[in-house]
>>> print(open('protein_21.cif').read())   # mmCIF, C-alpha atoms
data_target
#
loop_
_atom_site.label_atom_id
_atom_site.label_comp_id
_atom_site.auth_asym_id
_atom_site.auth_seq_id
_atom_site.Cartn_x
_atom_site.Cartn_y
_atom_site.Cartn_z
CA MET A 1 224.07 124.55 -2.19
CA GLU A 2 222.18 124.03 1.05
CA LYS A 3 220.19 127.19 0.55
CA GLN A 4 219.35 126.23 -3.03
CA ALA A 5 218.21 122.76 -1.96
CA GLU A 6 215.56 124.32 0.30
CA LYS A 7 214.11 126.45 -2.49
CA HIS A 8 210.34 126.15 -2.89
CA TYR A 9 208.25 127.47 -5.75
CA PRO A 10 204.60 128.51 -5.61
CA SER A 11 201.94 126.64 -7.56
CA VAL A 12 201.52 127.78 -11.15
CA THR A 13 197.89 128.51 -10.32
CA GLY A 14 198.91 131.18 -7.81
CA THR A 15 201.45 133.16 -9.82
CA THR A 16 201.19 136.09 -12.18
CA LYS A 17 202.43 135.82 -15.75
CA ASP A 18 205.70 137.62 -14.95
CA GLU A 19 206.25 135.54 -11.80
CA HIS A 20 205.72 132.34 -13.75
CA ILE A 21 208.21 133.40 -16.44
CA GLY A 22 210.81 134.38 -13.84
CA MET A 23 210.32 131.10 -12.01
CA VAL A 24 210.80 129.06 -15.19
CA LYS A 25 214.00 130.92 -16.08
CA GLU A 26 215.41 130.34 -12.61
CA ILE A 27 214.46 126.66 -12.50
CA PHE A 28 215.84 125.71 -15.89
CA GLY A 29 218.90 127.85 -15.41
CA THR A 30 219.82 125.88 -12.26
CA ILE A 31 219.26 122.29 -13.45
CA THR A 32 220.79 122.54 -16.94
CA GLU A 33 223.84 120.36 -16.40
CA ARG A 34 221.87 117.38 -15.04
CA TYR A 35 218.77 118.01 -17.12
CA ASP A 36 219.28 115.33 -19.79
CA PHE A 37 220.35 112.67 -17.32
CA LEU A 38 217.38 113.30 -15.03
CA ASN A 39 214.90 113.33 -17.90
CA HIS A 40 216.11 109.93 -19.08
CA PHE A 41 216.45 108.48 -15.59
CA LEU A 42 213.14 109.69 -14.16
CA SER A 43 211.13 108.69 -17.24
CA LEU A 44 212.97 105.35 -17.67
CA ARG A 45 214.11 106.74 -21.06
CA ARG A 46 210.54 106.97 -22.29
CA ASP A 47 211.19 110.63 -23.12
CA VAL A 48 213.53 109.42 -25.88
CA VAL A 49 210.77 107.21 -27.32
CA TRP A 50 208.19 110.01 -27.14
CA ARG A 51 210.35 112.50 -29.02
CA ARG A 52 211.18 109.99 -31.75
CA PHE A 53 207.48 109.15 -32.08
CA ALA A 54 206.79 112.84 -32.72
CA ALA A 55 209.68 113.18 -35.19
CA ARG A 56 208.45 110.24 -37.28
CA ARG A 57 205.04 111.90 -37.71
CA MET A 58 206.41 115.14 -39.09
CA ARG A 59 205.79 115.88 -42.75
CA PHE A 60 208.08 118.15 -44.78
CA PHE A 61 206.76 119.24 -48.15
CA ASN A 62 207.46 122.93 -48.84
CA THR A 63 210.23 124.71 -46.92
CA TYR A 64 211.88 121.58 -45.46
CA ARG A 65 212.47 123.64 -42.32
CA PHE A 66 211.64 122.71 -38.75
CA LEU A 67 211.22 124.99 -35.74
CA ASP A 68 211.83 123.56 -32.26
CA VAL A 69 210.19 125.97 -29.79
CA ALA A 70 211.44 125.92 -26.18
CA CYS A 71 214.11 123.57 -27.50
CA GLY A 72 215.85 123.07 -24.15
CA THR A 73 219.04 121.08 -24.66
CA GLY A 74 218.15 120.26 -28.26
CA ASP A 75 217.07 116.61 -28.10
CA LEU A 76 214.05 117.02 -30.39
CA ALA A 77 216.08 119.04 -32.90
CA VAL A 78 218.68 116.27 -33.03
CA ASP A 79 216.02 113.58 -33.48
CA VAL A 80 214.43 115.49 -36.36
CA ALA A 81 217.83 116.01 -38.00
CA ILE A 82 218.45 112.26 -37.91
CA CYS A 83 214.92 111.22 -38.92
CA HIS A 84 214.61 113.78 -41.74
CA PRO A 85 218.06 114.26 -43.34
CA ARG A 86 216.91 116.96 -45.81
CA THR A 87 215.63 119.37 -43.17
CA GLU A 88 217.10 122.60 -41.87
CA ILE A 89 216.35 123.13 -38.18
CA THR A 90 216.06 126.13 -35.88
CA GLY A 91 215.90 125.73 -32.11
CA LEU A 92 214.67 128.57 -29.91
CA ASP A 93 214.65 128.91 -26.12
CA PHE A 94 214.57 131.85 -23.71
CA VAL A 95 216.85 130.23 -21.11
CA ARG A 96 220.43 131.08 -22.02
CA GLU A 97 221.92 128.15 -20.13
CA MET A 98 219.74 125.70 -22.05
CA VAL A 99 220.75 127.17 -25.40
CA ALA A 100 224.42 126.92 -24.44
CA LYS A 101 224.01 123.26 -23.44
CA ALA A 102 222.16 122.51 -26.69
CA ARG A 103 224.91 124.17 -28.71
CA ARG A 104 227.58 121.98 -27.11
CA LYS A 105 225.51 118.88 -27.82
CA ILE A 106 224.96 119.79 -31.47
CA GLU A 107 228.64 120.54 -31.98
CA LYS A 108 229.53 117.16 -30.49
CA LYS A 109 227.14 115.41 -32.88
CA GLY A 110 228.47 117.29 -35.90
CA LEU A 111 225.11 118.89 -36.73
CA CYS A 112 226.07 122.57 -36.63
CA SER A 113 225.56 122.95 -40.38
CA ARG A 114 221.92 121.86 -40.10
CA ILE A 115 220.80 123.12 -36.68
CA ARG A 116 221.02 126.73 -35.58
CA LEU A 117 220.10 127.89 -32.10
CA ILE A 118 218.85 131.27 -30.93
CA GLU A 119 217.53 132.83 -27.76
CA GLY A 120 213.94 133.93 -28.16
CA ASP A 121 210.42 134.06 -26.79
CA ALA A 122 207.75 131.55 -27.82
CA VAL A 123 205.03 134.22 -27.76
CA SER A 124 206.97 136.52 -30.10
CA LEU A 125 208.75 134.37 -32.66
CA PRO A 126 211.28 136.31 -34.79
CA PHE A 127 210.30 134.65 -38.08
CA ALA A 128 208.21 135.59 -41.09
CA ASP A 129 204.85 133.98 -41.78
CA GLY A 130 205.08 130.53 -43.37
CA SER A 131 208.80 130.05 -42.67
CA PHE A 132 208.58 126.38 -41.63
CA ASP A 133 206.79 123.18 -42.58
CA VAL A 134 206.60 122.05 -38.95
CA ALA A 135 206.79 123.84 -35.60
CA ALA A 136 206.86 121.76 -32.43
CA ILE A 137 207.31 122.16 -28.71
CA ALA A 138 208.28 119.22 -26.50
CA PHE A 139 207.58 119.39 -22.77
CA GLY A 140 207.61 123.18 -22.83
CA ILE A 141 204.08 124.48 -23.37
CA ARG A 142 203.14 124.00 -19.71
CA ASN A 143 205.96 126.42 -18.80
CA ILE A 144 204.43 129.19 -20.92
CA PRO A 145 201.70 131.21 -19.17
CA ASP A 146 200.17 132.51 -22.43
CA ARG A 147 199.69 129.18 -24.18
CA ILE A 148 197.16 130.37 -26.73
CA GLU A 149 199.52 133.11 -27.93
CA ALA A 150 202.40 130.62 -28.24
CA LEU A 151 200.18 128.32 -30.30
CA ARG A 152 199.07 131.22 -32.51
CA GLU A 153 202.68 132.20 -33.10
CA MET A 154 203.62 128.64 -34.02
CA THR A 155 200.63 128.52 -36.38
CA ARG A 156 201.65 131.83 -37.97
CA VAL A 157 205.20 130.74 -38.81
CA VAL A 158 204.27 127.42 -40.47
CA ALA A 159 203.28 127.20 -44.11
CA ALA A 160 199.69 126.47 -45.14
CA GLY A 161 199.18 122.75 -44.73
CA GLY A 162 202.03 122.59 -42.23
CA GLN A 163 201.95 120.97 -38.81
CA VAL A 164 202.01 122.36 -35.29
CA MET A 165 202.92 119.69 -32.74
CA VAL A 166 202.87 119.70 -28.96
CA LEU A 167 204.39 116.88 -26.91
CA GLU A 168 203.44 117.19 -23.26
CA MET A 169 203.04 115.23 -20.04
CA VAL A 170 199.58 115.09 -18.48
CA LEU A 171 197.84 113.28 -15.65
CA PRO A 172 196.50 109.89 -16.86
CA ARG A 173 192.74 109.53 -17.18
CA HIS A 174 192.43 106.16 -15.44
CA ARG A 175 191.57 106.99 -11.82
CA LEU A 176 193.81 104.45 -10.08
CA PHE A 177 196.81 105.03 -12.34
CA ARG A 178 196.24 108.76 -12.01
CA ARG A 179 196.58 108.51 -8.22
CA ILE A 180 199.69 106.36 -8.46
CA TYR A 181 201.29 108.71 -11.00
CA HIS A 182 200.43 111.78 -8.94
CA PHE A 183 202.07 110.16 -5.89
CA TYR A 184 205.18 109.45 -7.97
CA LEU A 185 205.33 113.02 -9.25
CA SER A 186 204.79 114.75 -5.91
CA LYS A 187 206.60 112.39 -3.50
CA ILE A 188 209.04 110.06 -5.20
CA LEU A 189 210.34 112.13 -8.12
CA PRO A 190 211.57 115.09 -6.00
CA ARG A 191 213.37 112.70 -3.64
CA LEU A 192 215.12 111.02 -6.54
CA ALA A 193 215.97 114.39 -8.06
CA GLN A 194 217.45 115.56 -4.76
CA ALA A 195 220.23 113.00 -5.11
CA PHE A 196 221.35 114.50 -8.43
CA THR A 197 220.57 118.21 -8.37
CA GLY A 198 221.04 121.12 -6.02
CA ASN A 199 217.51 122.30 -6.71
CA PRO A 200 215.00 119.47 -6.04
CA GLY A 201 212.27 122.10 -5.76
CA ALA A 202 212.45 122.32 -9.54
CA TYR A 203 210.94 118.85 -9.74
CA LEU A 204 208.15 119.77 -7.34
CA TYR A 205 207.41 122.53 -9.85
CA LEU A 206 207.42 119.87 -12.57
CA ALA A 207 204.82 117.82 -10.69
CA ASP A 208 202.68 120.91 -10.08
CA SER A 209 202.84 122.04 -13.72
CA ILE A 210 201.79 118.58 -14.95
CA SER A 211 198.96 118.35 -12.41
CA ASN A 212 197.59 121.70 -13.55
CA PHE A 213 197.92 121.09 -17.29
CA PRO A 214 194.56 120.94 -19.13
CA ALA A 215 192.95 117.61 -19.97
CA PRO A 216 193.77 116.41 -23.51
CA GLU A 217 190.35 117.38 -24.89
CA LYS A 218 190.64 120.91 -23.52
CA PHE A 219 194.14 121.37 -24.86
CA ALA A 220 193.09 120.09 -28.29
CA ALA A 221 190.29 122.67 -28.23
CA LEU A 222 192.89 125.34 -27.40
CA MET A 223 194.85 124.36 -30.50
CA GLU A 224 191.71 124.72 -32.58
CA GLU A 225 191.12 128.14 -31.03
CA ALA A 226 194.63 129.08 -32.17
CA GLY A 227 193.56 128.44 -35.76
CA LEU A 228 194.54 124.81 -36.33
CA VAL A 229 192.35 122.16 -37.90
CA GLY A 230 192.27 118.37 -37.88
CA VAL A 231 193.83 118.22 -34.42
CA LYS A 232 194.80 114.66 -33.48
CA LYS A 233 195.72 113.30 -30.06
CA TYR A 234 198.09 110.39 -29.51
CA ALA A 235 198.18 108.90 -26.00
CA LEU A 236 201.62 107.54 -25.12
CA THR A 237 202.70 105.24 -22.27
CA MET A 238 199.28 104.72 -20.72
CA GLY A 239 198.36 108.35 -21.25
CA ILE A 240 201.07 110.03 -19.15
CA THR A 241 202.19 111.87 -22.28
CA TYR A 242 200.24 113.10 -25.30
CA LEU A 243 201.29 114.17 -28.75
CA PHE A 244 198.92 116.79 -30.18
CA CYS A 245 199.14 117.51 -33.90
CA GLY A 246 197.21 120.17 -35.79
CA ILE A 247 197.29 121.46 -39.37
CA LYS A 248 197.40 125.08 -40.50
CA PRO A 249 194.53 125.55 -42.97
CA ASP A 250 195.15 126.99 -46.42
CA PRO A 251 193.32 130.35 -46.61
CA ARG A 252 193.33 130.33 -50.41
CA PRO A 253 190.16 129.10 -52.15
CA PRO A 254 190.63 125.76 -53.91
CA THR A 255 191.59 125.96 -57.59
CA PRO A 256 188.54 125.04 -59.71
CA ASP A 257 188.78 121.85 -61.72
CA PRO A 258 188.96 123.01 -65.39
CA CYS A 259 186.95 119.99 -66.54
CA ILE A 260 184.12 120.80 -64.13
CA CYS A 261 184.16 124.48 -65.16
CA TYR A 262 183.99 123.50 -68.85
CA ARG A 263 181.04 121.18 -68.22
CA ILE A 264 179.13 123.86 -66.31
CA PHE A 265 179.81 126.40 -69.09
CA SER A 266 178.82 123.93 -71.83
CA SER A 267 175.68 122.92 -69.95
CA SER A 268 174.60 126.56 -69.69
CA LEU A 269 174.86 126.76 -73.49
CA GLY A 270 172.82 123.62 -73.94
CA VAL A 271 175.77 121.65 -75.32
CA SER A 272 175.68 117.91 -74.64
CA ILE A 273 178.93 116.42 -73.33
CA ARG A 274 179.50 112.72 -73.58
#
>>> encode(input="protein_21.cif", output="structure tokens")
Amino acid sequence: MEKQAEKHYPSVTGTTKDEHIGMVKEIFGTITERYDFLNHFLSLRRDVVWRRFAARRMRFFNTYRFLDVACGTGDLAVDVAICHPRTEITGLDFVREMVAKARRKIEKKGLCSRIRLIEGDAVSLPFADGSFDVAAIAFGIRNIPDRIEALREMTRVVAAGGQVMVLEMVLPRHRLFRRIYHFYLSKILPRLAQAFTGNPGAYLYLADSISNFPAPEKFAALMEEAGLVGVKKYALTMGITYLFCGIKPDPRPPTPDPCICYRIFSSSLGVSIR
């Protein structure tokens, strides 16, 4: 335990893709058991509010299926199951310990018939095109080195007109609050985490990954680059968290209005239509 407590992780800006992935697997594999408690405690339970805010803005219209990418311990999947009783839900994560913890939680809540969990990679989703109405990732995109590919994969597996949502923590834009929040992340949060976990370095990584996450405008532009349209940004709790929501465009041409077509045809024949 002593050795683990002294573990330090390099900044996400100084790691290769493979190093970043290995680091994330190690971090989340070592804090799984206290993960839910620390999330609620360190955010003053605002994380619960943020996830429910996202769930209430989901729209199911075609498949009535939801994909929770990097599902962690399954909190967002559970919230969607409660908020949208008709949905079928799939949760995917590449950290085995997280999937196991999520499975125990879902069994305890009696939701096994509606939520299935699998191990998988966000940049190579094992689903056919258009399999879901909504795909979302909550507090996980910053842990994925190839963000654009993850967003493209989420876009691919939703139906035309479906939503891709990203819930993520960022540094606030207000200069003074930004400094205060950065001090909390880098100094106070790891000290608090040290009292509850054998790997407080994981929460230094958390602070670093938030500090290096793109500004909301840049991330919204990344979602557009991935093929989404109508991207909206919702600032939550003074801008320390954002919900990004984009729509997958329908590639099919719009169906012509038969009345308009008839009028054009009649007009070309010189027929007057009243």
>>> resolve_selection(input="protein_21.cif", expression="the PyMOL selection byres ((chain A and resi 181) around 12)", output="PyMOL selection string")
chain A and resi 43+169-180+182-189+207+210-211+237-241
>>> write_last_selection(input="protein_21.cif", atoms="C-alpha atoms", output="compact mmCIF listing (two decimals), keeping the file's coordinate frame")
# COMPACT_ATOMS: atom_id res chain seq x y z
CA SER A 43 211.13 108.69 -17.24
CA MET A 169 203.04 115.23 -20.04
CA VAL A 170 199.58 115.09 -18.48
CA LEU A 171 197.84 113.28 -15.65
CA PRO A 172 196.50 109.89 -16.86
CA ARG A 173 192.74 109.53 -17.18
CA HIS A 174 192.43 106.16 -15.44
CA ARG A 175 191.57 106.99 -11.82
CA LEU A 176 193.81 104.45 -10.08
CA PHE A 177 196.81 105.03 -12.34
CA ARG A 178 196.24 108.76 -12.01
CA ARG A 179 196.58 108.51 -8.22
CA ILE A 180 199.69 106.36 -8.46
CA HIS A 182 200.43 111.78 -8.94
CA PHE A 183 202.07 110.16 -5.89
CA TYR A 184 205.18 109.45 -7.97
CA LEU A 185 205.33 113.02 -9.25
CA SER A 186 204.79 114.75 -5.91
CA LYS A 187 206.60 112.39 -3.50
CA ILE A 188 209.04 110.06 -5.20
CA LEU A 189 210.34 112.13 -8.12
CA ALA A 207 204.82 117.82 -10.69
CA ILE A 210 201.79 118.58 -14.95
CA SER A 211 198.96 118.35 -12.41
CA THR A 237 202.70 105.24 -22.27
CA MET A 238 199.28 104.72 -20.72
CA GLY A 239 198.36 108.35 -21.25
CA ILE A 240 201.07 110.03 -19.15
CA THR A 241 202.19 111.87 -22.28
>>> atom_distance(input="protein_21.cif", atom1="CA of Val157 (chain A)", atom2="CA of Val78 (chain A)")
20.6 Å
>>> residues_around(input="protein_21.cif", residues="region 112-115 of chain A", least_positions_apart="6", cutoff="8 Å", atoms="all atoms listed in the file", output="PDB file with C-alpha atoms, in the frame of the given file")
ATOM      1  CA  ALA A  77     216.080 119.040 -32.900  1.00  0.00           C
ATOM      2  CA  ALA A  81     217.830 116.010 -38.000  1.00  0.00           C
ATOM      3  CA  THR A  87     215.630 119.370 -43.170  1.00  0.00           C
ATOM      4  CA  GLU A  88     217.100 122.600 -41.870  1.00  0.00           C
ATOM      5  CA  ILE A  89     216.350 123.130 -38.180  1.00  0.00           C
ATOM      6  CA  THR A  90     216.060 126.130 -35.880  1.00  0.00           C
ATOM      7  CA  GLY A  91     215.900 125.730 -32.110  1.00  0.00           C
ATOM      8  CA  ILE A 106     224.960 119.790 -31.470  1.00  0.00           C
TER       9      ILE A 106
END
>>> resolve_selection(input="protein_21.cif", expression="the PyMOL selection byres ((chain A and resi 76) around 9)", output="number ranges by chain")
A: 48, 51-52, 54-55, 68, 71-75, 77-81, 136-138
>>> resolve_selection(input="protein_21.cif", expression="the PyMOL selection byres ((chain A and resi 190) around 6)", output="PDB file with C-alpha atoms, in the frame of the given file")
ATOM      1  CA  ILE A 188     209.040 110.060  -5.200  1.00  0.00           C
ATOM      2  CA  LEU A 189     210.340 112.130  -8.120  1.00  0.00           C
ATOM      3  CA  ARG A 191     213.370 112.700  -3.640  1.00  0.00           C
ATOM      4  CA  LEU A 192     215.120 111.020  -6.540  1.00  0.00           C
ATOM      5  CA  ALA A 193     215.970 114.390  -8.060  1.00  0.00           C
ATOM      6  CA  PRO A 200     215.000 119.470  -6.040  1.00  0.00           C
ATOM      7  CA  TYR A 203     210.940 118.850  -9.740  1.00  0.00           C
ATOM      8  CA  LEU A 204     208.150 119.770  -7.340  1.00  0.00           C
TER       9      LEU A 204
END
>>> build_atoms(input="protein_21.cif", residues="region 147-170 of chain A", atoms="N, CA and C atoms", output="PDB file, in the frame of the given file")
ATOM      1  N   ARG A 147     199.598 130.309 -23.256  1.00  0.00           N
ATOM      2  CA  ARG A 147     199.690 129.180 -24.180  1.00  0.00           C
ATOM      3  C   ARG A 147     199.011 129.462 -25.522  1.00  0.00           C
ATOM      4  N   ILE A 148     197.880 130.114 -25.495  1.00  0.00           N
ATOM      5  CA  ILE A 148     197.160 130.370 -26.730  1.00  0.00           C
ATOM      6  C   ILE A 148     197.987 131.255 -27.660  1.00  0.00           C
ATOM      7  N   GLU A 149     198.698 132.234 -27.098  1.00  0.00           N
ATOM      8  CA  GLU A 149     199.520 133.110 -27.930  1.00  0.00           C
ATOM      9  C   GLU A 149     200.712 132.343 -28.508  1.00  0.00           C
ATOM     10  N   ALA A 150     201.300 131.448 -27.726  1.00  0.00           N
ATOM     11  CA  ALA A 150     202.400 130.620 -28.240  1.00  0.00           C
ATOM     12  C   ALA A 150     201.911 129.737 -29.388  1.00  0.00           C
ATOM     13  N   LEU A 151     200.729 129.159 -29.240  1.00  0.00           N
ATOM     14  CA  LEU A 151     200.180 128.320 -30.300  1.00  0.00           C
ATOM     15  C   LEU A 151     199.859 129.147 -31.549  1.00  0.00           C
ATOM     16  N   ARG A 152     199.359 130.356 -31.360  1.00  0.00           N
ATOM     17  CA  ARG A 152     199.070 131.220 -32.510  1.00  0.00           C
ATOM     18  C   ARG A 152     200.350 131.604 -33.243  1.00  0.00           C
ATOM     19  N   GLU A 153     201.399 131.863 -32.484  1.00  0.00           N
ATOM     20  CA  GLU A 153     202.680 132.200 -33.100  1.00  0.00           C
ATOM     21  C   GLU A 153     203.246 131.009 -33.878  1.00  0.00           C
ATOM     22  N   MET A 154     203.146 129.822 -33.309  1.00  0.00           N
ATOM     23  CA  MET A 154     203.620 128.640 -34.020  1.00  0.00           C
ATOM     24  C   MET A 154     202.803 128.414 -35.287  1.00  0.00           C
ATOM     25  N   THR A 155     201.501 128.654 -35.204  1.00  0.00           N
ATOM     26  CA  THR A 155     200.630 128.520 -36.380  1.00  0.00           C
ATOM     27  C   THR A 155     201.014 129.543 -37.443  1.00  0.00           C
ATOM     28  N   ARG A 156     201.299 130.753 -37.019  1.00  0.00           N
ATOM     29  CA  ARG A 156     201.650 131.830 -37.970  1.00  0.00           C
ATOM     30  C   ARG A 156     202.896 131.486 -38.780  1.00  0.00           C
ATOM     31  N   VAL A 157     203.915 130.916 -38.125  1.00  0.00           N
ATOM     32  CA  VAL A 157     205.200 130.740 -38.810  1.00  0.00           C
ATOM     33  C   VAL A 157     205.283 129.452 -39.630  1.00  0.00           C
ATOM     34  N   VAL A 158     204.246 128.588 -39.591  1.00  0.00           N
ATOM     35  CA  VAL A 158     204.270 127.420 -40.470  1.00  0.00           C
ATOM     36  C   VAL A 158     203.523 127.725 -41.762  1.00  0.00           C
ATOM     37  N   ALA A 159     203.911 127.024 -42.809  1.00  0.00           N
ATOM     38  CA  ALA A 159     203.280 127.200 -44.110  1.00  0.00           C
ATOM     39  C   ALA A 159     201.872 126.599 -44.091  1.00  0.00           C
ATOM     40  N   ALA A 160     201.024 127.048 -45.016  1.00  0.00           N
ATOM     41  CA  ALA A 160     199.690 126.470 -45.140  1.00  0.00           C
ATOM     42  C   ALA A 160     199.816 124.972 -45.396  1.00  0.00           C
ATOM     43  N   GLY A 161     199.072 124.197 -44.638  1.00  0.00           N
ATOM     44  CA  GLY A 161     199.180 122.750 -44.730  1.00  0.00           C
ATOM     45  C   GLY A 161     200.237 122.163 -43.811  1.00  0.00           C
ATOM     46  N   GLY A 162     200.982 123.035 -43.136  1.00  0.00           N
ATOM     47  CA  GLY A 162     202.030 122.590 -42.230  1.00  0.00           C
ATOM     48  C   GLY A 162     201.486 122.153 -40.889  1.00  0.00           C
ATOM     49  N   GLN A 163     202.351 121.547 -40.092  1.00  0.00           N
ATOM     50  CA  GLN A 163     201.950 120.970 -38.810  1.00  0.00           C
ATOM     51  C   GLN A 163     202.451 121.803 -37.635  1.00  0.00           C
ATOM     52  N   VAL A 164     201.611 121.861 -36.608  1.00  0.00           N
ATOM     53  CA  VAL A 164     202.010 122.360 -35.290  1.00  0.00           C
ATOM     54  C   VAL A 164     201.843 121.191 -34.325  1.00  0.00           C
ATOM     55  N   MET A 165     202.932 120.852 -33.634  1.00  0.00           N
ATOM     56  CA  MET A 165     202.920 119.690 -32.740  1.00  0.00           C
ATOM     57  C   MET A 165     203.263 120.107 -31.323  1.00  0.00           C
ATOM     58  N   VAL A 166     202.591 119.474 -30.377  1.00  0.00           N
ATOM     59  CA  VAL A 166     202.870 119.700 -28.960  1.00  0.00           C
ATOM     60  C   VAL A 166     203.013 118.336 -28.301  1.00  0.00           C
ATOM     61  N   LEU A 167     204.154 118.102 -27.679  1.00  0.00           N
ATOM     62  CA  LEU A 167     204.390 116.880 -26.910  1.00  0.00           C
ATOM     63  C   LEU A 167     204.433 117.290 -25.450  1.00  0.00           C
ATOM     64  N   GLU A 168     203.530 116.718 -24.648  1.00  0.00           N
ATOM     65  CA  GLU A 168     203.440 117.190 -23.260  1.00  0.00           C
ATOM     66  C   GLU A 168     202.975 116.085 -22.326  1.00  0.00           C
ATOM     67  N   MET A 169     203.448 116.169 -21.081  1.00  0.00           N
ATOM     68  CA  MET A 169     203.040 115.230 -20.040  1.00  0.00           C
ATOM     69  C   MET A 169     201.748 115.716 -19.393  1.00  0.00           C
ATOM     70  N   VAL A 170     200.867 114.769 -19.101  1.00  0.00           N
ATOM     71  CA  VAL A 170     199.580 115.090 -18.480  1.00  0.00           C
ATOM     72  C   VAL A 170     199.295 114.048 -17.406  1.00  0.00           C
TER      73      VAL A 170
END
